[in-house]
file final01.cif (mmCIF, C-alpha atoms and all ligand atoms)
data_model
#
loop_
_atom_site.label_atom_id
_atom_site.label_comp_id
_atom_site.auth_asym_id
_atom_site.auth_seq_id
_atom_site.Cartn_x
_atom_site.Cartn_y
_atom_site.Cartn_z
CA MET G 259 10.06 -6.92 -42.85
CA LYS G 260 11.69 -9.35 -45.26
CA THR G 261 10.53 -12.92 -44.83
CA ILE G 262 12.28 -16.20 -45.63
CA ASP G 263 10.67 -16.16 -49.09
CA ASP G 264 12.54 -12.94 -49.83
CA LEU G 265 15.90 -14.68 -49.29
CA GLY G 266 15.49 -16.49 -52.62
CA ASP G 267 16.74 -19.99 -53.45
CA LEU G 268 18.35 -21.38 -50.31
CA ARG G 269 19.72 -24.66 -51.65
CA GLY G 270 23.31 -25.05 -50.50
CA LYS G 271 23.24 -21.69 -48.72
CA ARG G 272 24.35 -21.40 -45.11
CA VAL G 273 21.54 -19.81 -43.10
CA LEU G 274 22.20 -18.64 -39.55
CA VAL G 275 19.06 -18.83 -37.42
CA ARG G 276 18.84 -17.15 -34.01
CA ALA G 277 16.43 -19.33 -32.06
CA ASP G 278 15.26 -19.20 -28.46
CA LEU G 279 16.10 -22.60 -26.99
CA ASN G 280 16.44 -21.40 -23.41
CA VAL G 281 14.61 -24.27 -21.75
CA PRO G 282 14.40 -25.12 -18.03
CA LEU G 283 16.77 -27.95 -17.11
CA ASP G 284 16.92 -30.31 -14.17
CA GLY G 285 20.52 -31.48 -14.47
CA THR G 286 20.63 -32.45 -18.15
CA THR G 287 16.89 -33.22 -18.38
CA ILE G 288 14.67 -30.69 -20.15
CA THR G 289 11.62 -30.14 -17.93
CA ASP G 290 9.58 -28.14 -20.50
CA ASP G 291 10.57 -28.36 -24.17
CA GLY G 292 7.99 -25.81 -25.41
CA ARG G 293 10.62 -23.51 -26.84
CA VAL G 294 12.40 -26.33 -28.70
CA GLN G 295 9.06 -27.40 -30.19
CA ALA G 296 8.33 -23.82 -31.21
CA ALA G 297 11.67 -23.53 -33.01
CA VAL G 298 11.12 -26.61 -35.17
CA PRO G 299 8.84 -25.32 -37.98
CA THR G 300 11.26 -22.65 -39.22
CA LEU G 301 14.28 -24.96 -38.97
CA ARG G 302 12.44 -27.73 -40.81
CA ARG G 303 11.30 -25.34 -43.48
CA LEU G 304 14.85 -24.11 -44.11
CA ALA G 305 16.24 -27.65 -44.11
CA ASP G 306 13.53 -28.78 -46.52
CA ALA G 307 14.54 -25.92 -48.81
CA GLY G 308 18.04 -27.40 -48.91
CA ALA G 309 19.71 -24.80 -46.73
CA ARG G 310 22.64 -25.63 -44.45
CA VAL G 311 21.08 -24.50 -41.22
CA VAL G 312 23.30 -23.06 -38.47
CA VAL G 313 21.47 -22.34 -35.22
CA ALA G 314 22.65 -19.85 -32.61
CA ALA G 315 21.02 -19.86 -29.17
CA HIS G 316 21.72 -19.30 -25.50
CA LEU G 317 20.94 -21.28 -22.37
CA GLY G 318 20.78 -19.89 -18.86
CA ARG G 319 23.02 -17.11 -17.66
CA PRO G 320 26.68 -18.08 -18.14
CA LYS G 321 29.10 -15.27 -17.34
CA GLY G 322 30.64 -14.88 -20.79
CA ALA G 323 32.74 -18.07 -20.58
CA PRO G 324 32.07 -21.78 -21.25
CA GLU G 325 30.47 -23.67 -18.37
CA ASP G 326 29.44 -27.32 -18.72
CA LYS G 327 26.12 -26.89 -16.96
CA TYR G 328 25.04 -24.38 -19.60
CA SER G 329 25.99 -26.55 -22.59
CA LEU G 330 23.33 -26.83 -25.30
CA ALA G 331 24.03 -30.58 -25.62
CA PRO G 332 20.67 -31.69 -24.13
CA VAL G 333 18.90 -29.24 -26.43
CA ALA G 334 20.75 -30.52 -29.50
CA ALA G 335 19.61 -34.04 -28.64
CA ARG G 336 15.96 -33.01 -28.17
CA LEU G 337 15.98 -30.87 -31.30
CA GLY G 338 17.35 -33.81 -33.27
CA GLU G 339 14.53 -36.02 -32.00
CA LEU G 340 11.91 -33.47 -33.00
CA LEU G 341 13.45 -32.85 -36.41
CA GLY G 342 13.96 -36.55 -37.01
CA ALA G 343 17.57 -35.96 -38.04
CA PRO G 344 20.78 -35.50 -36.03
CA VAL G 345 21.73 -31.98 -35.00
CA HIS G 346 25.48 -31.41 -35.21
CA LEU G 347 26.58 -29.61 -32.05
CA ALA G 348 29.73 -27.50 -32.32
CA ARG G 349 31.92 -27.56 -29.22
CA ASP G 350 32.39 -23.80 -29.34
CA THR G 351 30.45 -20.76 -30.49
CA VAL G 352 32.49 -19.25 -33.33
CA GLY G 353 35.83 -21.09 -32.96
CA ASP G 354 37.54 -23.96 -34.79
CA SER G 355 34.82 -26.48 -33.96
CA ALA G 356 32.06 -24.16 -35.17
CA ARG G 357 33.90 -23.47 -38.44
CA GLU G 358 34.57 -27.15 -39.05
CA THR G 359 31.01 -28.17 -38.17
CA VAL G 360 29.58 -25.64 -40.60
CA ALA G 361 32.10 -26.48 -43.34
CA THR G 362 31.14 -30.16 -43.28
CA LEU G 363 27.38 -29.55 -43.15
CA GLY G 364 25.41 -31.02 -46.03
CA ASP G 365 22.40 -29.43 -47.75
CA GLY G 366 19.34 -29.77 -45.55
CA GLU G 367 21.40 -30.51 -42.42
CA VAL G 368 21.25 -28.65 -39.13
CA ALA G 369 24.10 -27.54 -36.86
CA LEU G 370 23.84 -25.91 -33.44
CA LEU G 371 26.56 -23.58 -32.18
CA GLU G 372 27.44 -23.93 -28.50
CA ASN G 373 25.81 -21.41 -26.12
CA ILE G 374 26.22 -17.98 -27.69
CA ARG G 375 26.51 -16.41 -24.23
CA PHE G 376 29.77 -18.30 -23.64
CA ASP G 377 31.13 -15.39 -25.69
CA PRO G 378 31.15 -12.16 -23.66
CA ARG G 379 30.73 -10.07 -26.82
CA GLU G 380 27.15 -11.33 -27.27
CA THR G 381 25.72 -9.21 -24.47
CA SER G 382 28.37 -6.47 -24.45
CA LYS G 383 27.21 -2.86 -24.11
CA ASP G 384 30.11 -1.91 -26.38
CA ASP G 385 28.92 -1.63 -30.01
CA ALA G 386 32.34 -2.56 -31.41
CA GLU G 387 32.57 -5.73 -29.31
CA ARG G 388 29.14 -6.89 -30.42
CA ALA G 389 30.00 -6.01 -34.03
CA SER G 390 33.11 -8.18 -33.86
CA LEU G 391 31.08 -11.20 -32.75
CA ALA G 392 28.51 -10.41 -35.45
CA ALA G 393 31.33 -10.46 -37.99
CA ASP G 394 32.52 -13.85 -36.72
CA LEU G 395 28.96 -15.20 -36.99
CA ALA G 396 28.55 -13.68 -40.44
CA SER G 397 31.63 -15.58 -41.63
CA LEU G 398 29.70 -18.80 -40.89
CA ALA G 399 26.65 -17.94 -43.01
CA ASP G 400 25.24 -16.38 -46.18
CA ALA G 401 21.94 -15.19 -44.69
CA TYR G 402 20.33 -14.59 -41.31
CA VAL G 403 16.89 -15.49 -39.99
CA SER G 404 15.65 -13.98 -36.73
CA ASP G 405 13.38 -16.52 -35.07
CA GLY G 406 14.10 -16.23 -31.34
CA PHE G 407 11.14 -14.23 -30.15
CA GLY G 408 12.25 -14.54 -26.51
CA VAL G 409 15.33 -12.43 -27.27
CA VAL G 410 14.09 -9.82 -29.77
CA HIS G 411 13.93 -7.22 -27.01
CA ARG G 412 17.70 -7.59 -26.53
CA LYS G 413 20.25 -5.49 -28.39
CA GLN G 414 22.70 -8.39 -28.68
CA ALA G 415 25.16 -9.51 -31.33
CA SER G 416 23.21 -12.56 -32.54
CA VAL G 417 19.89 -10.71 -32.41
CA TYR G 418 20.57 -7.16 -33.50
CA ASP G 419 24.07 -6.55 -34.90
CA ILE G 420 24.10 -9.63 -37.14
CA ALA G 421 20.98 -8.40 -38.97
CA GLN G 422 22.99 -5.43 -40.16
CA VAL G 423 25.76 -7.49 -41.75
CA LEU G 424 23.97 -10.39 -43.44
CA PRO G 425 20.87 -10.38 -45.66
CA ALA G 426 18.24 -10.71 -42.91
CA ALA G 427 14.70 -12.04 -42.70
CA VAL G 428 12.13 -12.59 -39.98
CA GLY G 429 11.33 -16.22 -39.18
CA GLY G 430 7.87 -17.71 -38.98
CA LEU G 431 7.79 -17.86 -35.18
CA VAL G 432 8.67 -14.21 -34.67
CA LEU G 433 6.20 -13.25 -37.39
CA LYS G 434 3.45 -15.23 -35.69
CA GLU G 435 4.24 -13.66 -32.31
CA VAL G 436 4.27 -10.14 -33.70
CA ASP G 437 1.02 -10.67 -35.61
CA ALA G 438 -0.72 -12.00 -32.49
CA LEU G 439 0.54 -9.24 -30.22
CA ARG G 440 -0.36 -6.55 -32.76
CA ARG G 441 -3.87 -7.96 -32.87
CA ALA G 442 -4.12 -7.27 -29.14
CA THR G 443 -2.45 -3.89 -29.15
CA ASP G 444 -3.27 -2.09 -32.41
CA SER G 445 -7.06 -2.13 -32.46
CA PRO G 446 -8.28 -4.93 -30.21
CA GLU G 447 -11.77 -6.26 -30.63
CA ARG G 448 -13.77 -5.46 -27.49
CA PRO G 449 -14.43 -6.27 -24.75
CA TYR G 450 -10.66 -6.27 -24.25
CA VAL G 451 -9.69 -7.96 -20.99
CA VAL G 452 -6.21 -8.07 -19.49
CA VAL G 453 -5.43 -10.57 -16.73
CA LEU G 454 -2.23 -9.98 -14.78
CA GLY G 455 -0.66 -12.13 -12.11
CA GLY G 456 2.72 -13.58 -11.28
CA SER G 457 5.06 -12.74 -8.53
CA LYS G 458 5.95 -9.07 -8.74
CA VAL G 459 4.09 -5.85 -9.49
CA SER G 460 7.38 -4.12 -10.22
CA ASP G 461 8.03 -6.51 -13.17
CA LYS G 462 4.79 -5.47 -14.79
CA LEU G 463 4.40 -1.78 -14.00
CA GLY G 464 5.04 -0.78 -17.61
CA VAL G 465 2.36 -3.13 -18.89
CA ILE G 466 -0.17 -2.00 -16.32
CA ALA G 467 0.51 1.64 -17.15
CA ASN G 468 0.20 1.09 -20.90
CA LEU G 469 -2.83 -1.20 -20.88
CA LEU G 470 -4.70 0.73 -18.21
CA THR G 471 -6.01 3.14 -20.81
CA LYS G 472 -6.55 0.54 -23.54
CA ALA G 473 -8.28 -2.38 -21.85
CA ASP G 474 -11.92 -2.48 -20.79
CA ARG G 475 -11.19 -4.63 -17.76
CA LEU G 476 -8.04 -5.35 -15.82
CA LEU G 477 -8.08 -8.46 -13.61
CA ILE G 478 -5.34 -8.75 -10.99
CA GLY G 479 -4.30 -11.98 -9.26
CA GLY G 480 -1.10 -13.76 -8.24
CA GLY G 481 1.50 -12.39 -5.89
CA MET G 482 1.05 -8.84 -7.15
CA VAL G 483 -2.50 -8.71 -5.85
CA PHE G 484 -1.33 -8.12 -2.29
CA THR G 485 0.21 -4.79 -3.17
CA PHE G 486 -3.18 -3.81 -4.62
CA LEU G 487 -4.99 -5.00 -1.50
CA ALA G 488 -2.51 -3.07 0.65
CA ALA G 489 -3.12 0.01 -1.50
CA GLN G 490 -6.80 -0.31 -0.56
CA GLY G 491 -5.82 -0.30 3.09
CA HIS G 492 -6.11 -4.03 3.83
CA SER G 493 -3.53 -6.05 5.71
CA VAL G 494 -2.04 -8.97 3.81
CA GLY G 495 -0.40 -11.15 6.47
CA THR G 496 2.92 -12.55 5.31
CA SER G 497 1.91 -12.51 1.63
CA LEU G 498 4.20 -11.13 -1.05
CA LEU G 499 4.12 -7.34 -0.72
CA GLU G 500 6.09 -4.62 -2.44
CA GLU G 501 5.66 -1.73 -0.06
CA ASP G 502 7.59 0.67 -2.25
CA GLN G 503 4.98 0.15 -5.00
CA ILE G 504 1.90 0.91 -2.92
CA ASP G 505 1.76 4.58 -3.96
CA THR G 506 2.21 3.68 -7.63
CA VAL G 507 -0.61 1.18 -7.38
CA LYS G 508 -2.84 3.77 -5.68
CA GLY G 509 -2.15 5.99 -8.70
CA TYR G 510 -3.23 3.18 -11.06
CA LEU G 511 -6.44 2.63 -9.15
CA ALA G 512 -7.27 6.36 -9.41
CA GLN G 513 -6.29 6.48 -13.10
CA ALA G 514 -8.46 3.47 -13.90
CA ALA G 515 -11.45 4.97 -12.11
CA GLU G 516 -11.01 8.16 -14.14
CA ALA G 517 -10.64 6.33 -17.47
CA GLY G 518 -13.63 4.09 -16.78
CA VAL G 519 -11.50 0.95 -16.82
CA GLU G 520 -12.85 -1.75 -14.55
CA ILE G 521 -10.23 -3.14 -12.17
CA VAL G 522 -11.24 -6.52 -10.82
CA LEU G 523 -9.51 -7.74 -7.66
CA PRO G 524 -10.13 -11.06 -5.93
CA THR G 525 -12.79 -11.12 -3.23
CA ASP G 526 -11.36 -14.20 -1.52
CA ILE G 527 -7.88 -15.61 -1.08
CA VAL G 528 -6.46 -19.04 -0.29
CA VAL G 529 -4.14 -18.49 2.67
CA ALA G 530 -1.64 -20.99 4.05
CA ASP G 531 0.57 -21.22 7.10
CA SER G 532 3.73 -21.15 5.03
CA PHE G 533 5.06 -21.24 1.47
CA ALA G 534 4.95 -25.02 1.06
CA ALA G 535 3.10 -27.55 -1.11
CA ASP G 536 1.54 -29.30 1.89
CA SER G 537 0.90 -26.31 4.14
CA PRO G 538 -2.54 -26.27 5.85
CA HIS G 539 -4.74 -23.72 4.05
CA ASP G 540 -8.12 -21.99 4.18
CA VAL G 541 -10.19 -19.59 2.13
CA VAL G 542 -10.66 -16.13 3.65
CA ALA G 543 -12.16 -12.84 2.47
CA ALA G 544 -9.61 -10.71 0.62
CA ASP G 545 -10.04 -7.89 3.15
CA ALA G 546 -9.58 -10.21 6.12
CA ILE G 547 -6.26 -11.98 5.63
CA PRO G 548 -5.16 -13.07 9.12
CA ASN G 549 -1.83 -11.99 10.55
CA GLY G 550 0.89 -14.56 9.99
CA ARG G 551 -0.77 -16.28 7.03
CA ILE G 552 0.36 -16.14 3.40
CA GLY G 553 -1.88 -15.80 0.34
CA LEU G 554 -0.95 -18.40 -2.27
CA ASP G 555 -3.93 -18.37 -4.66
CA ILE G 556 -7.12 -16.48 -5.45
CA GLY G 557 -10.15 -18.11 -3.81
CA PRO G 558 -12.99 -20.06 -5.50
CA ALA G 559 -15.43 -17.11 -5.54
CA SER G 560 -12.74 -14.98 -7.19
CA ALA G 561 -12.00 -17.71 -9.72
CA GLU G 562 -15.66 -17.70 -10.68
CA LEU G 563 -15.77 -13.90 -10.77
CA PHE G 564 -12.67 -13.75 -12.97
CA ALA G 565 -14.06 -16.39 -15.33
CA SER G 566 -17.28 -14.39 -15.70
CA LYS G 567 -15.24 -11.29 -16.61
CA ILE G 568 -13.29 -13.24 -19.22
CA VAL G 569 -15.75 -15.47 -21.11
CA ASP G 570 -17.50 -12.70 -23.05
CA ALA G 571 -14.25 -10.99 -24.06
CA LYS G 572 -13.20 -10.73 -27.69
CA THR G 573 -9.55 -10.05 -26.89
CA ILE G 574 -7.78 -11.40 -23.81
CA VAL G 575 -4.19 -10.95 -22.77
CA TRP G 576 -3.09 -13.06 -19.83
CA ASN G 577 0.28 -12.70 -18.19
CA GLY G 578 1.20 -14.26 -14.86
CA PRO G 579 -0.29 -17.17 -12.87
CA MET G 580 -3.04 -16.46 -10.34
CA GLY G 581 -1.32 -18.42 -7.60
CA VAL G 582 1.58 -20.72 -6.83
CA PHE G 583 0.42 -23.21 -9.47
CA GLU G 584 3.61 -25.25 -8.98
CA PHE G 585 1.90 -26.59 -5.83
CA ASP G 586 -1.31 -28.50 -6.69
CA ALA G 587 -3.20 -27.09 -3.72
CA PHE G 588 -2.72 -23.54 -5.07
CA ALA G 589 -3.29 -24.13 -8.79
CA ASP G 590 -7.08 -23.76 -8.94
CA GLY G 591 -7.18 -20.03 -9.64
CA THR G 592 -4.73 -20.40 -12.51
CA ARG G 593 -6.67 -23.39 -13.84
CA ALA G 594 -9.95 -21.43 -13.76
CA VAL G 595 -8.47 -18.50 -15.66
CA ALA G 596 -6.92 -20.80 -18.28
CA GLN G 597 -10.28 -22.56 -18.67
CA ALA G 598 -12.05 -19.21 -19.06
CA LEU G 599 -9.67 -18.24 -21.86
CA VAL G 600 -10.47 -21.53 -23.59
CA ASP G 601 -14.22 -20.92 -23.13
CA ALA G 602 -13.91 -17.39 -24.49
CA GLY G 603 -12.13 -18.90 -27.50
CA THR G 604 -15.05 -21.17 -28.29
CA ARG G 605 -17.23 -18.02 -28.32
CA GLY G 606 -15.01 -16.26 -30.83
CA GLY G 607 -12.60 -14.53 -28.46
CA PHE G 608 -8.89 -14.30 -29.22
CA SER G 609 -6.59 -15.09 -26.30
CA ILE G 610 -2.88 -14.52 -25.80
CA VAL G 611 -0.93 -16.21 -23.03
CA GLY G 612 2.32 -14.32 -22.39
CA GLY G 613 5.03 -15.06 -19.85
CA GLY G 614 7.22 -18.11 -19.42
CA ASP G 615 5.58 -19.32 -16.23
CA SER G 616 2.05 -18.77 -17.52
CA ALA G 617 2.81 -20.81 -20.64
CA ALA G 618 4.41 -23.51 -18.47
CA ALA G 619 1.31 -23.47 -16.23
CA VAL G 620 -1.01 -24.05 -19.18
CA ARG G 621 1.03 -27.09 -20.22
CA ARG G 622 1.48 -28.40 -16.68
CA LEU G 623 -2.25 -28.20 -15.98
CA GLY G 624 -2.89 -30.30 -19.06
CA PHE G 625 -4.57 -27.78 -21.35
CA ASP G 626 -4.44 -28.26 -25.10
CA GLU G 627 -2.22 -25.44 -26.36
CA ALA G 628 -4.27 -25.24 -29.55
CA ALA G 629 -7.27 -24.12 -27.49
CA PHE G 630 -5.62 -20.73 -26.97
CA GLY G 631 -5.32 -18.05 -29.61
CA HIS G 632 -1.61 -17.68 -29.06
CA ILE G 633 0.90 -18.84 -26.47
CA SER G 634 3.89 -16.58 -26.54
CA THR G 635 7.37 -18.07 -26.26
CA GLY G 636 8.84 -14.81 -24.99
CA GLY G 637 8.11 -13.55 -21.49
CA GLY G 638 10.16 -10.35 -21.38
CA ALA G 639 9.74 -9.71 -25.10
CA SER G 640 5.96 -10.03 -25.01
CA LEU G 641 5.80 -7.79 -21.94
CA GLU G 642 7.90 -5.10 -23.61
CA PHE G 643 5.72 -5.38 -26.70
CA LEU G 644 2.61 -4.93 -24.55
CA GLU G 645 4.29 -1.96 -22.86
CA GLY G 646 4.43 -0.37 -26.30
CA LYS G 647 8.23 -0.35 -26.46
CA SER G 648 10.20 -0.73 -29.69
CA LEU G 649 12.04 -4.07 -29.71
CA PRO G 650 15.59 -3.77 -31.16
CA GLY G 651 15.51 -7.20 -32.82
CA ILE G 652 12.28 -6.28 -34.64
CA ALA G 653 13.18 -2.68 -35.38
CA VAL G 654 16.42 -3.76 -37.06
CA LEU G 655 14.45 -6.00 -39.44
CA ASP G 656 12.00 -3.20 -40.18
CA ALA G 657 14.80 -0.81 -41.11
P1 LIG F 701 5.30 -15.13 -16.05
O1 LIG F 701 6.60 -15.86 -16.23
O2 LIG F 701 4.14 -15.87 -16.63
O3 LIG F 701 5.39 -13.70 -16.53
P2 LIG F 701 5.94 -14.41 -13.33
O4 LIG F 701 7.36 -14.80 -13.59
O5 LIG F 701 5.65 -12.97 -13.17
O6 LIG F 701 5.01 -15.03 -14.48
O7 LIG F 701 5.41 -15.13 -12.03
C1 LIG F 701 5.30 -16.51 -11.92
C2 LIG F 701 5.45 -16.95 -10.52
O8 LIG F 701 4.56 -16.26 -9.67
C3 LIG F 701 5.13 -18.41 -10.35
O9 LIG F 701 6.33 -19.10 -10.06
C4 LIG F 701 4.15 -18.45 -9.19
O10 LIG F 701 4.44 -19.46 -8.24
C5 LIG F 701 4.34 -17.08 -8.57
N1 LIG F 701 3.16 -16.67 -7.80
C6 LIG F 701 1.88 -16.60 -8.19
N2 LIG F 701 1.07 -16.26 -7.19
C7 LIG F 701 1.86 -16.10 -6.09
C8 LIG F 701 1.60 -15.77 -4.73
N3 LIG F 701 0.38 -15.53 -4.29
N4 LIG F 701 2.67 -15.71 -3.89
C9 LIG F 701 3.91 -15.97 -4.35
N5 LIG F 701 4.22 -16.29 -5.61
C10 LIG F 701 3.20 -16.35 -6.49
MG MG F 702 8.44 -15.78 -15.09
#

call {"tool": "encode", "arguments": {"input": "final01.cif", "output": "structure tokens"}}
result
Amino acid sequence: MKTIDDLGDLRGKRVLVRADLNVPLDGTTITDDGRVQAAVPTLRRLADAGARVVVAAHLGRPKGAPEDKYSLAPVAARLGELLGAPVHLARDTVGDSARETVATLGDGEVALLENIRFDPRETSKDDAERASLAADLASLADAYVSDGFGVVHRKQASVYDIAQVLPAAVGGLVLKEVDALRRATDSPERPYVVVLGGSKVSDKLGVIANLLTKADRLLIGGGMVFTFLAAQGHSVGTSLLEEDQIDTVKGYLAQAAEAGVEIVLPTDIVVADSFAADSPHDVVAADAIPNGRIGLDIGPASAELFASKIVDAKTIVWNGPMGVFEFDAFADGTRAVAQALVDAGTRGGFSIVGGGDSAAAVRRLGFDEAAFGHISTGGGASLEFLEGKSLPGIAVLDA
């Protein structure tokens, strides 16, 4: 892969950067600016080199047309604060405003194009449509840098097609992500422990299948645990359950037993009356969840068990919270796992936190991000990487 160094002298050159600035918003307030922070080093580096930096990014899921609530304006403001210099926001993606904004950009200045997904060609399945947007983007720049790790698994105009028309390089963030994930997938130092949680088993089937034969231990928590408990014949009350996945999960349990992979399930569960922050709750044995109650976190004995299975690991991949961490009463399991990753780190283990909600949980619970080996900015992309899939936005840079 070509890196930014390979692009040569950048002074006065227009460099288009695809970044992932898809932050959660409450109205126009950014509730977690992790992705904006993560985008800064590459943008600063290009600006310091004298490039005229043009950033393309998306926000939310607009339907291929401009919509005020998906404007990147709040992101432009935050990015400007972090860079310490104003970010010039174009009012459109590749139209008159974008052209004028780029034309008036000085060396070392940064512009942000309006939400790339306001243009339906960005996500089109039609190669020619995507190519026509890539051509429009290419007319705004002399070189391309791919730095939006959260979108590299997408075959989209600003991620994939553009890299075939402009001189293209991988940005520092994507490089860091790929290096970290390769460290966990190519020849991981052992013990290699994978911790999976989050809401749905079906989201993570590919990862479970791929890591089942590679990891030494697989720890399961979060909402997906109830499908595992059901597969073992236990009742799960009103907890999250994907009945159509029970047979698949039974297959995984058998496969793990055969491969000698240890699957660790919680022994106790925090159950509540309902899915609410202030719902009355109790700890019960995992095989004795009462009818009518909902499991919202792994219990304290399980948290301790999980921590003991993590601290001696040399490689740890964690994807998906252990409980509904958004509610304080059900955040303990997630906190214990995060702490165990930190403790493993002090003993020489390398930890990766993947998944948007897991990364948000780590920040929300007040952990120092530097205490983890790597916190991925890309949920879907890191999952597909861990599934062993080829990511179009990486493959196109390798070609
Ligand atoms: P990530 O983004 O890290 O990959 P997911 O999107 O798969 O994680 O899942 C995160 C969500 O899972 C969180 O919003 C959390 O509240 C939810 N969750 C965790 N445990 C449970 C549970 N027991 N019941 C319902 N939802 C849960
Ligand atoms: Mg998520």

call {"tool": "residues_near_ligand", "arguments": {"input": "final01.cif", "ligand": "ligand MG 702 (chain F)", "cutoff": "6 Å", "atoms": "only C-alpha atoms and all ligand atoms", "output": "MDAnalysis selection string"}}
result
chainID G and resid 613:615

call {"tool": "residues_near_ligand", "arguments": {"input": "final01.cif", "ligand": "ligand LIG 701 (chain F)", "cutoff": "7 Å", "atoms": "all atoms listed in the file", "output": "JSON list (two decimals) with C-alpha atoms, keeping the file's coordinate frame"}}
result
[["chain", "number", "residue", "atom", "x", "y", "z"],
["G", 455, "GLY", "CA", -0.66, -12.13, -12.11],
["G", 456, "GLY", "CA", 2.72, -13.58, -11.28],
["G", 457, "SER", "CA", 5.06, -12.74, -8.53],
["G", 458, "LYS", "CA", 5.95, -9.07, -8.74],
["G", 461, "ASP", "CA", 8.03, -6.51, -13.17],
["G", 480, "GLY", "CA", -1.10, -13.76, -8.24],
["G", 481, "GLY", "CA", 1.50, -12.39, -5.89],
["G", 497, "SER", "CA", 1.91, -12.51, 1.63],
["G", 498, "LEU", "CA", 4.20, -11.13, -1.05],
["G", 553, "GLY", "CA", -1.88, -15.80, 0.34],
["G", 554, "LEU", "CA", -0.95, -18.40, -2.27],
["G", 555, "ASP", "CA", -3.93, -18.37, -4.66],
["G", 577, "ASN", "CA", 0.28, -12.70, -18.19],
["G", 578, "GLY", "CA", 1.20, -14.26, -14.86],
["G", 579, "PRO", "CA", -0.29, -17.17, -12.87],
["G", 580, "MET", "CA", -3.04, -16.46, -10.34],
["G", 581, "GLY", "CA", -1.32, -18.42, -7.60],
["G", 582, "VAL", "CA", 1.58, -20.72, -6.83],
["G", 583, "PHE", "CA", 0.42, -23.21, -9.47],
["G", 584, "GLU", "CA", 3.61, -25.25, -8.98],
["G", 612, "GLY", "CA", 2.32, -14.32, -22.39],
["G", 613, "GLY", "CA", 5.03, -15.06, -19.85],
["G", 614, "GLY", "CA", 7.22, -18.11, -19.42],
["G", 615, "ASP", "CA", 5.58, -19.32, -16.23],
["G", 616, "SER", "CA", 2.05, -18.77, -17.52],
["G", 617, "ALA", "CA", 2.81, -20.81, -20.64],
["G", 637, "GLY", "CA", 8.11, -13.55, -21.49]]

call {"tool": "atom_distance", "arguments": {"input": "final01.cif", "atom1": "CA of Thr443 in chain G", "atom2": "CA of Lys413 in chain G"}}
result
22.8 Å

call {"tool": "atom_distance", "arguments": {"input": "final01.cif", "atom1": "CA of Arg621 in chain G", "atom2": "CA of Ala297 in chain G"}}
result
17.0 Å

call {"tool": "residues_around", "arguments": {"input": "final01.cif", "residues": "range 350-363 of chain G", "least_positions_apart": "5", "cutoff": "6 Å", "atoms": "all atoms listed in the file", "output": "JSON list (two decimals) with C-alpha atoms, keeping the file's coordinate frame"}}
result
[["chain", "number", "residue", "atom", "x", "y", "z"],
["G", 371, "LEU", "CA", 26.56, -23.58, -32.18],
["G", 372, "GLU", "CA", 27.44, -23.93, -28.50],
["G", 374, "ILE", "CA", 26.22, -17.98, -27.69]]
